[in-house]
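For reference, the structure discussed in these notes is given below.
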Amino acid sequence: MEEDEINYRTLRKTQQMEKNTPTLTDVMPNFYSNVTNYLTSLDKRMENESSEQKQTLLKDEIKNIRKIAINIYEQREKKILLSAVSKARGGNPDLKNMINEEKEIFDDILGIMKKSRQKILENKKQKEILEEKTPETEQKIEEKEEEKENIENPNPIVKVNQDIPEFIGTDKKKYNLRTNDVLSIPVEMSEILIKKGAVEKINQ
């Protein structure tokens, strides 16, 4: 599309194509400056026009063309924003019809989004990692695990002081204990063995 082809008809065609396609349509590299130049030429024609009727027609044409130009820009702007979002999230958007002015917008938006993601997401993740490695955090985790073990296993833990021949415990399980063994046994059985001096409690 050459500069002298910028007119109401061609702009309307571009507007409809932009509206009906999900990606940027193909426009001339200096599209926006050409539209500005075209509007400037219409303004001059209107100023130099002696006929009030033609001045009114030109005024309406200028008004309509400005609306169309703004609409084209806003449609393309939305696609540029979506492309930047896609790129920031690791996508590969179609940028082939993006002209220079739009590439600058795209790069600026993408740069801001990348910095924001690093600041908000990666710094937060790093903070969580550092917190996990602090002694205070590790101690809290150990305390929680101990509490959990105590809740899940209410039976006492004992250390065996002497070899004990195989026997059936109060929980109907078979035991064959050796000196220095450490294990959890039912309360009733631990009380009997503690009284005999065969084991000693090492927790609770």
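Naming scheme: A, B, ... for chains in displayed order of the structure tokens; residues 1 onward per chain; ligands 1 onward as shown.
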
Quiz item: as a ChimeraX atom specification, which residues of range 5-149 of chain A does DSSP assign to helix (DSSP H, G or I)?
Solution: /A:5,8-20,31-48,52-88,100-133,135-149

Write out as a PDB file with C-alpha atoms, in the first residue's frame which residues come within 9 Å of Val187 in chain A when counting only C-alpha atoms, dropping same-chain ones fewer than 3 positions away.
```pdb
ATOM      1  CA  PRO A 154       1.724 -42.588  71.994  1.00  0.00           C
ATOM      2  CA  ASN A 155       3.642 -45.682  73.164  1.00  0.00           C
ATOM      3  CA  PRO A 156       6.896 -45.086  75.105  1.00  0.00           C
ATOM      4  CA  SER A 190       6.951 -51.320  79.129  1.00  0.00           C
ATOM      5  CA  GLU A 191       5.784 -50.982  82.743  1.00  0.00           C
ATOM      6  CA  ILE A 192       6.368 -54.678  83.387  1.00  0.00           C
TER       7      ILE A 192
END
```

Pick out each residue of range 29-186 of chain A that DSSP on the backbone tags as strand (DSSP E); I need them as an mmCIF file with N, CA and C atoms, in the first residue's frame.
```cif
data_model
loop_
_atom_site.group_PDB
_atom_site.id
_atom_site.type_symbol
_atom_site.label_atom_id
_atom_site.label_comp_id
_atom_site.auth_asym_id
_atom_site.auth_seq_id
_atom_site.Cartn_x
_atom_site.Cartn_y
_atom_site.Cartn_z
ATOM 1 N N ILE A 157 9.109 -45.060 74.169
ATOM 2 C CA ILE A 157 10.288 -45.636 73.516
ATOM 3 C C ILE A 157 11.258 -46.047 74.615
ATOM 4 N N VAL A 158 11.752 -47.266 74.525
ATOM 5 C CA VAL A 158 12.624 -47.796 75.581
ATOM 6 C C VAL A 158 13.926 -48.328 74.999
ATOM 7 N N LYS A 159 14.911 -48.418 75.888
ATOM 8 C CA LYS A 159 16.192 -49.027 75.527
ATOM 9 C C LYS A 159 16.348 -50.315 76.323
ATOM 10 N N VAL A 160 16.743 -51.367 75.625
ATOM 11 C CA VAL A 160 16.869 -52.683 76.264
ATOM 12 C C VAL A 160 18.207 -52.760 77.000
ATOM 13 N N ILE A 164 16.701 -60.440 76.156
ATOM 14 C CA ILE A 164 15.449 -61.030 76.645
ATOM 15 C C ILE A 164 15.012 -62.107 75.656
ATOM 16 N N PRO A 165 14.824 -63.323 76.150
ATOM 17 C CA PRO A 165 14.402 -64.414 75.261
ATOM 18 C C PRO A 165 13.093 -64.071 74.546
ATOM 19 N N GLU A 166 12.860 -64.724 73.451
ATOM 20 C CA GLU A 166 11.661 -64.454 72.645
ATOM 21 C C GLU A 166 10.390 -64.643 73.478
ATOM 22 N N PHE A 167 9.444 -63.689 73.312
ATOM 23 C CA PHE A 167 8.186 -63.759 74.057
ATOM 24 C C PHE A 167 7.094 -63.057 73.258
ATOM 25 N N ILE A 168 5.854 -63.289 73.678
ATOM 26 C CA ILE A 168 4.688 -62.643 73.062
ATOM 27 C C ILE A 168 4.276 -61.482 73.952
ATOM 28 N N LYS A 174 5.311 -60.856 68.496
ATOM 29 C CA LYS A 174 6.459 -61.630 68.973
ATOM 30 C C LYS A 174 7.676 -60.703 69.103
ATOM 31 N N TYR A 175 8.371 -60.795 70.241
ATOM 32 C CA TYR A 175 9.545 -59.974 70.495
ATOM 33 C C TYR A 175 10.753 -60.846 70.805
ATOM 34 N N ASN A 176 11.925 -60.406 70.337
ATOM 35 C CA ASN A 176 13.197 -61.070 70.638
ATOM 36 C C ASN A 176 14.219 -59.960 70.838
ATOM 37 N N LEU A 177 14.333 -59.468 72.068
ATOM 38 C CA LEU A 177 15.082 -58.252 72.346
ATOM 39 C C LEU A 177 16.524 -58.541 72.725
ATOM 40 N N VAL A 182 16.624 -50.252 70.715
ATOM 41 C CA VAL A 182 15.730 -49.130 71.017
ATOM 42 C C VAL A 182 14.455 -49.330 70.213
ATOM 43 N N LEU A 183 13.317 -49.307 70.888
ATOM 44 C CA LEU A 183 12.060 -49.566 70.207
ATOM 45 C C LEU A 183 10.891 -48.992 70.980
ATOM 46 N N SER A 184 9.743 -48.946 70.311
ATOM 47 C CA SER A 184 8.512 -48.484 70.936
ATOM 48 C C SER A 184 7.672 -49.701 71.272
#
```

Quiz item: Can you list, as a PyMOL selection string, every protein, DNA or RNA residue that comes within 12 Å of Gly90 in chain A when you count only C-alpha atoms, leaving out same-chain residues fewer than 6 positions away?
Solution: chain A and resi 83-84+110+114

Quiz item: Which residues come within 7 Å of range 18-33 of chain A, counting only C-alpha atoms, excluding same-chain residues fewer than 5 positions away, as a list in words?
Solution: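 Once the adjacent positions are removed, what remains is Met1, Ile72, Gln75, Arg76, Lys79, Asn97, Met98 and Ile99 of chain A.
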
Using N, CA and C atoms, can you export the residues from the last selection as a PDB file, in the first residue's frame?
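Done, and the output landed in out-v3.pdb:
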```
ATOM      1  N   MET A   1       0.840  -1.193   0.000  1.00  0.00           N
ATOM      2  CA  MET A   1       0.000   0.000   0.000  1.00  0.00           C
ATOM      3  C   MET A   1       0.877   1.245   0.000  1.00  0.00           C
ATOM      4  N   ILE A  72      -8.236   1.437  14.592  1.00  0.00           N
ATOM      5  CA  ILE A  72      -7.192   0.544  14.072  1.00  0.00           C
ATOM      6  C   ILE A  72      -6.052   0.439  15.079  1.00  0.00           C
ATOM      7  N   GLN A  75      -7.079  -1.608  18.195  1.00  0.00           N
ATOM      8  CA  GLN A  75      -7.141  -3.038  17.929  1.00  0.00           C
ATOM      9  C   GLN A  75      -5.734  -3.638  17.872  1.00  0.00           C
ATOM     10  N   ARG A  76      -4.830  -2.933  17.208  1.00  0.00           N
ATOM     11  CA  ARG A  76      -3.453  -3.415  17.126  1.00  0.00           C
ATOM     12  C   ARG A  76      -2.769  -3.337  18.484  1.00  0.00           C
ATOM     13  N   LYS A  79      -3.596  -6.372  20.500  1.00  0.00           N
ATOM     14  CA  LYS A  79      -2.855  -7.546  20.035  1.00  0.00           C
ATOM     15  C   LYS A  79      -1.397  -7.490  20.478  1.00  0.00           C
ATOM     16  N   ASN A  97       4.124  -8.911  11.434  1.00  0.00           N
ATOM     17  CA  ASN A  97       3.500  -7.704  10.879  1.00  0.00           C
ATOM     18  C   ASN A  97       3.574  -6.506  11.818  1.00  0.00           C
ATOM     19  N   MET A  98       4.435  -6.591  12.811  1.00  0.00           N
ATOM     20  CA  MET A  98       4.583  -5.502  13.764  1.00  0.00           C
ATOM     21  C   MET A  98       5.546  -4.460  13.185  1.00  0.00           C
ATOM     22  N   ILE A  99       5.097  -3.226  13.049  1.00  0.00           N
ATOM     23  CA  ILE A  99       5.957  -2.186  12.493  1.00  0.00           C
ATOM     24  C   ILE A  99       6.805  -1.550  13.595  1.00  0.00           C
TER      25      ILE A  99
END
```

Quiz item: Which residue out of A:Glu200, A:Asp60, A:Glu101, A:Glu74 has the minimum interatomic distance to Asn180 in chain A when only C-alpha atoms are used?
Solution: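 Going through A:Glu200, A:Asp60, A:Glu101, A:Glu74 one by one, the smallest distance to Asn180 in chain A is for A:Glu200.
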
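With only C-alpha atoms as the atoms that count, the residue of A:Ile112, A:Ile120, A:Leu39, A:Leu193 with the shortest distance to Leu81 in chain A is A:Ile112.
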
Quiz prompt | Of the listed residues A:Lys67, A:Lys119, A:Arg9, A:Lys87, that which approaches Asp107 in chain A most closely, counting only C-alpha atoms | solution = A:Lys87

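The coordinates place CA of Glu5 in chain A at 19.8 Å from CA of Leu57 in chain A.
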
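The gap separating CA of Gly169 in chain A from CA of Glu188 in chain A is 9.2 Å, in Å to one decimal.
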